[in-house]
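In what follows, a structure is listed as structure tokens, so that the remarks can point back to it.
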Amino acid sequence: MKAIIAATILGIIMMYAGFVVKEKKSVLSIATLLFVLLLGVNVWELLTAKPGETQMFFNFQLTVTPFSLWFNTLMTAATLLYVLLMGNDIIKVGKHVGEYFALFFFILVGTYMLSSFNNMLIMFLGIEIISIPQYILAGSDKRNLKSSEASLKYFLMGAFSTGILLMGITLIYGATGEFNISKFSFLQLEQVNPMVLTGVLFLIISFAFKVSAAPMHFWTPDVYDGSPTPFTAFMATIGKAAAFIGFIRLFHTSFATISDSWTMVLAIITAATLFVGNITAVFQQSVKRMLAYSSIAQAGFMLFSVVSVSALAWQGLVIYTVAYTMATLGMFAVLLKLKDYTFDGFNGLAKKNPLLAAVATVFIFSLAGIPLTAGFIAKFYMLQTAVAQGNLMWLVIFALIMAAVSAYYYFRVIIAMYFKTGDPEMASELSGIDKFLLVLTAMLVLLVGVAPQILLPNGI
Amino acid sequence: MPIQYYLFLSLALFCIGIMGALMRRNAIIIFMSIELMLNAVNLLLAAFSKMYNDSAAQIFVFFIMVVAAAEVAVGLAIIVMVYRKVHSVDVNILNRLKH
Amino acid sequence: MNLFLLNAATNSLSDYLPILMQIFMAIGIVAIMMGGSHLLGPKRKTKDKLANFESGIKAIGNARQPMAIKYFLIAILFVLFDVEVIFFYPYAVNFKELGAEGFLAVVMFVSFFLIGFTYIIKKGALKWED
């Protein structure tokens with residue numbers, strides 16, 4: 001709760017900072033400082049919370065658990081890492097630098113709300129608060145038509161899915177007379193009527209839109225490709241994680257008792273997402289577009305946590321989110337250093353810049369799920385939850401096959417870097433800080449791969 | 001009046017909105033269709049609110065209206081931005097520009 | 001409410017067979033209809049047919065006149081600030097019950113409002129003359 005207030009106020013400060021400070025670099029420094037401050041507030045709230053205690057706010061509309069505090073802290077840390085890694089590229093996108101950072105703060109407010117809502121109203125507000133700034137961020141490169149196009153597309157699709165989400169909420173309200181999600185958990189399978197089922201189905205469709213799961217994924221490649229690259233990185237990582245925490249929170253706290261009626265639908269969506277994401281990624285020529293499809297494929301793995309209803313799934317989601325976020329942010333940071341975003345643009349990078357190639361390899365390994373990296377342990381957790389579920393073996397086997405397919409397109413980058421000759425053009429030289437941060441991110445990826453329990457402290 | 005009437009009316013409006021959003025090519029009309037979807041939801045919420053004698057749903061309607069207004073502001077700005085570039089709000093033109 | 005459409009307790013794979021058949025039927029009919037009309041129908045496109053129908057009078061000029069972006073900006077901001085006032089309705093109804101705490105909440109709400117308002121003024125969104 002403190003974090004929500006702090007993020008709002010810091011976002012407003014950031015908004016006004018753009019008037020006072022004209023120098024773009026100074027705006028970046030202020031933003032970094034404020035993000036550190038926000039992380040401090042998060043850590044403070046996490047440390048002062050009693051273990052296992054649930055705090056209620058606003059007449060039971062917001063239940064802050066240690067888990068949600070921990071998730072908020074991780075997401076804030078990820079945003080800070082993102083700003084540190086790509087700050088210099090963010091300020092190059094356009095004129096209104098202060099506003100971009102302000103929008104990140106507001107997206108974080110939405111994330112905090114989604115990690116601790118207990119009422120459909122707060123969920124709806126949280127989803128809108130993360131969505132609307134993302135529409136703006138997608139179109140922030142005003143000179144570029146592709147960016148405007150991406151923004152329009154994202155906006156129309158997002159607004160459409162919001163309509164479906166609201167219809168789902170309304171139908172469930174009509175059937176139960178409640179917006180409070182913890183009260184839905186008393187729904188029993190026998191008393192499920194078509195109205196509840198339709199509502200749940202609408203909610204699944206809408207959330208599948210937000211997390212870009214398969215039948216509703218078609219906006220993702222265009223939007224991620226068209227948006228300015230630093231903002232694509234943000235949307236693909238923190239924006240997606242925020243939608244996922246809302247998804248798992250809604251379905252596991254409220255519809256767990258009627259899980260028999262929706263797990264199969266979601267399992268099929270998961271399989272379709274894995275299939276479409278991985279198979280289409282194989283045919284891409286641009287690494288940026290490949291990462292967009294790979295984010296669909298990774299969303300398929302994250303959906304495992306929603307499909308299998310257990311406490312393990314929440315932990316798995318935390319590990320997967322962090323692993324995926326770090327690796328993707330790192331990969332986009334590497335991409336931003338290059339001029340040419342095609343696979344050929346990576347040719348011979350290992351010769352020209354061995355450090356950049358090495359960290360890129362770590363990120364690629366993590367995304368592909370090679371052992372000793374965070375991605376492996378994350379995929380392992382996800383599949384384990386599905387195995388524990390019992391009746392989802394077919395999905396696990398399918399996911400393993402798809403993970404093998406994903407190795408093909410991920411390794412194309414490595415082959416281009418190490419085994420092909422060429423002279424990649426750099427967009428900017430690596431400064432000492434850049435090198436340090438990239439290596440730090442790579443080390444974190446490896447650290448989580450070796451010791452995942454650091455992401456799961458006691459009491460969450 | 002029984003609740004079914006409201007339910008069927010709002011679902012009909014909602015479906016008209018969905019069909020409009022999926023079949024029209026003009027971005028503004030798509031947008032209007034989406035607004036129609038949201039208003040169908042508002043109507044249904046108001047009807048349910050009366051049925052359960054619970055004002056929470058009406059407050060929800062207020063929130064939907066406000067969020068929709070915020071969305072209108074952002075959305076229209078985006079549409080104008082696109083219009084100033086290509087002098088059209090036809091979504092098919094945008095698809096042609098894909099590559 | 002008695003819609004009895006779905007009975008979640010007894011679903012096996014064979015129950016979905018009619019749905020599958022219906023999907024195939026639907027896709028097949030649509031494909032045949034569209035393909036048939038495409039193959040059989042005559043196609044003569046002339047300039048007159050593609051033009052807008054204006055009661056037989058020739059269309060002159062473009063209906064889309066350039067419009068000053070200022071009007072539009074003001075209109076959007078008006079919508080935004082106009083709709084926010086909606087939250088005063090529930091407050092007005094419960095004015096007495098909410099007491100001092102409710103008043104503080106509304107003051108906070110209005111101050112957020114003012115922050116946004118000063119922001120757009122500083123941004124120069126309400127300047128008429130350039």
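Residues are referred to by chain and number: the chain letter is A, B, ... according to the order shown in the structure tokens, the number counts from 1 in that chain, and ligands are numbered separately from 1 in the order shown.
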So that I can check the surroundings of Ala236 of chain A, please list as a PyMOL selection string every protein, DNA and RNA residue that reaches within 12 Å of it, counting only C-alpha atoms and ignoring chain neighbours fewer than 6 positions away. chain A and resi 82+134+138+210-212+220-221+223-225+227+229-230+242-244+288-289+291-299+321+324-329+331-332
Quick one: everything within 9 Å of Ala27 of chain B, counting only C-alpha atoms, minus sequence neighbours fewer than 4 positions away in the same chain. Send it as a list in words. Leu152 and Leu156 of chain A; Ala21, Phe31, Met32, Ile79, Val89, Asp90 and Val91 of chain B
Can you write out the residues you just picked, keeping C-alpha atoms, as a PDB file, in the first residue's frame?
```pdb
ATOM      1  CA  LEU A 152      -3.186   2.345 -32.897  1.00  0.00           C
ATOM      2  CA  LEU A 156      -7.830  -0.925 -30.590  1.00  0.00           C
TER       3      LEU A 156
ATOM      4  CA  ALA B  21     -15.261  -3.788 -33.958  1.00  0.00           C
ATOM      5  CA  PHE B  31     -13.701   2.763 -31.532  1.00  0.00           C
ATOM      6  CA  MET B  32     -17.385   3.638 -31.391  1.00  0.00           C
ATOM      7  CA  ILE B  79      -5.990   8.223 -34.126  1.00  0.00           C
ATOM      8  CA  VAL B  89      -8.102   6.263 -40.537  1.00  0.00           C
ATOM      9  CA  ASP B  90      -8.663   3.088 -42.530  1.00  0.00           C
ATOM     10  CA  VAL B  91      -7.058   0.226 -40.630  1.00  0.00           C
TER      11      VAL B  91
END
```
Compare A:Leu10, A:Leu47, A:Ala159, A:Ala407 by their minimum atom-to-atom distance to Leu103 of chain A, counting only C-alpha atoms, and give me the closest one. A:Leu10
Taking only C-alpha atoms into account and nothing else, which residues of chain C lie no more than 10 Å away from chain B? Please answer as a PyMOL selection string. chain C and resi 1+64+66+69+72-73+75-87+89-90
What does the file look like for those residues with C-alpha atoms, as a PDB file, in the first residue's frame?
```
ATOM      1  CA  MET C   1     -32.421 -17.968 -14.467  1.00  0.00           C
ATOM      2  CA  ARG C  64     -12.563  16.139 -45.033  1.00  0.00           C
ATOM      3  CA  PRO C  66      -8.340  20.283 -42.421  1.00  0.00           C
ATOM      4  CA  ILE C  69      -5.669  20.632 -33.880  1.00  0.00           C
ATOM      5  CA  PHE C  72      -9.540  18.736 -30.897  1.00  0.00           C
ATOM      6  CA  LEU C  73      -7.141  19.060 -27.987  1.00  0.00           C
ATOM      7  CA  ALA C  75     -12.367  18.693 -26.792  1.00  0.00           C
ATOM      8  CA  ILE C  76     -10.342  15.753 -25.497  1.00  0.00           C
ATOM      9  CA  LEU C  77      -9.345  17.598 -22.351  1.00  0.00           C
ATOM     10  CA  PHE C  78     -12.937  18.627 -21.815  1.00  0.00           C
ATOM     11  CA  VAL C  79     -14.130  15.025 -22.020  1.00  0.00           C
ATOM     12  CA  LEU C  80     -11.463  13.925 -19.582  1.00  0.00           C
ATOM     13  CA  PHE C  81     -12.147  16.554 -16.957  1.00  0.00           C
ATOM     14  CA  ASP C  82     -15.874  16.526 -17.466  1.00  0.00           C
ATOM     15  CA  VAL C  83     -16.249  12.840 -16.750  1.00  0.00           C
ATOM     16  CA  GLU C  84     -14.112  12.920 -13.621  1.00  0.00           C
ATOM     17  CA  VAL C  85     -16.839  14.998 -11.984  1.00  0.00           C
ATOM     18  CA  ILE C  86     -18.920  11.817 -11.972  1.00  0.00           C
ATOM     19  CA  PHE C  87     -17.358  10.824  -8.654  1.00  0.00           C
ATOM     20  CA  TYR C  89     -22.408  12.180  -7.402  1.00  0.00           C
ATOM     21  CA  PRO C  90     -21.870   9.308  -4.957  1.00  0.00           C
TER      22      PRO C  90
END
```
Neighbours of Leu114 of chain A within 7 Å (only C-alpha atoms; same-chain residues fewer than 3 positions away dropped), as a VMD selection string? chain A and resid 110 to 111 117 123 126 242 245 to 246
Using only C-alpha atoms, which protein or nucleic acid residues come within 9 Å of segment 39-54 of chain B? Drop anything in the same chain fewer than 5 positions from it, and give the result as JSON, numbers by chain. {"A": [163, 166, 167, 170, 171, 173, 174, 177], "B": [3, 6, 7, 9, 10, 11, 12, 13, 14, 17, 34, 60, 61, 62, 64, 65]}
Same residues, C-alpha atoms, output as a CSV table (one decimal), in the first residue's frame:
```csv
chain,number,residue,atom,x,y,z
A,163,GLY,CA,-14.8,-4.6,-23.2
A,166,LEU,CA,-15.9,-6.1,-18.3
A,167,MET,CA,-18.6,-8.3,-19.8
A,170,THR,CA,-20.5,-8.3,-15.1
A,171,LEU,CA,-21.7,-11.8,-15.9
A,173,TYR,CA,-21.4,-10.4,-10.7
A,174,GLY,CA,-24.8,-11.2,-12.1
A,177,GLY,CA,-23.9,-10.7,-6.6
B,3,ILE,CA,-33.9,-9.5,-15.5
B,6,TYR,CA,-32.0,-6.5,-19.7
B,7,LEU,CA,-29.7,-9.4,-20.1
B,9,LEU,CA,-30.8,-6.4,-24.6
B,10,SER,CA,-27.2,-5.8,-23.3
B,11,LEU,CA,-25.9,-9.0,-24.8
B,12,ALA,CA,-27.4,-7.9,-28.1
B,13,LEU,CA,-25.8,-4.5,-27.8
B,14,PHE,CA,-22.5,-6.2,-26.8
B,17,GLY,CA,-20.3,-3.8,-30.7
B,34,ILE,CA,-15.9,-0.7,-28.5
B,60,PHE,CA,-18.4,0.1,-10.9
B,61,VAL,CA,-20.4,1.8,-13.7
B,62,PHE,CA,-18.9,5.1,-12.7
B,64,ILE,CA,-16.0,2.2,-16.2
B,65,MET,CA,-17.2,5.6,-17.5
```
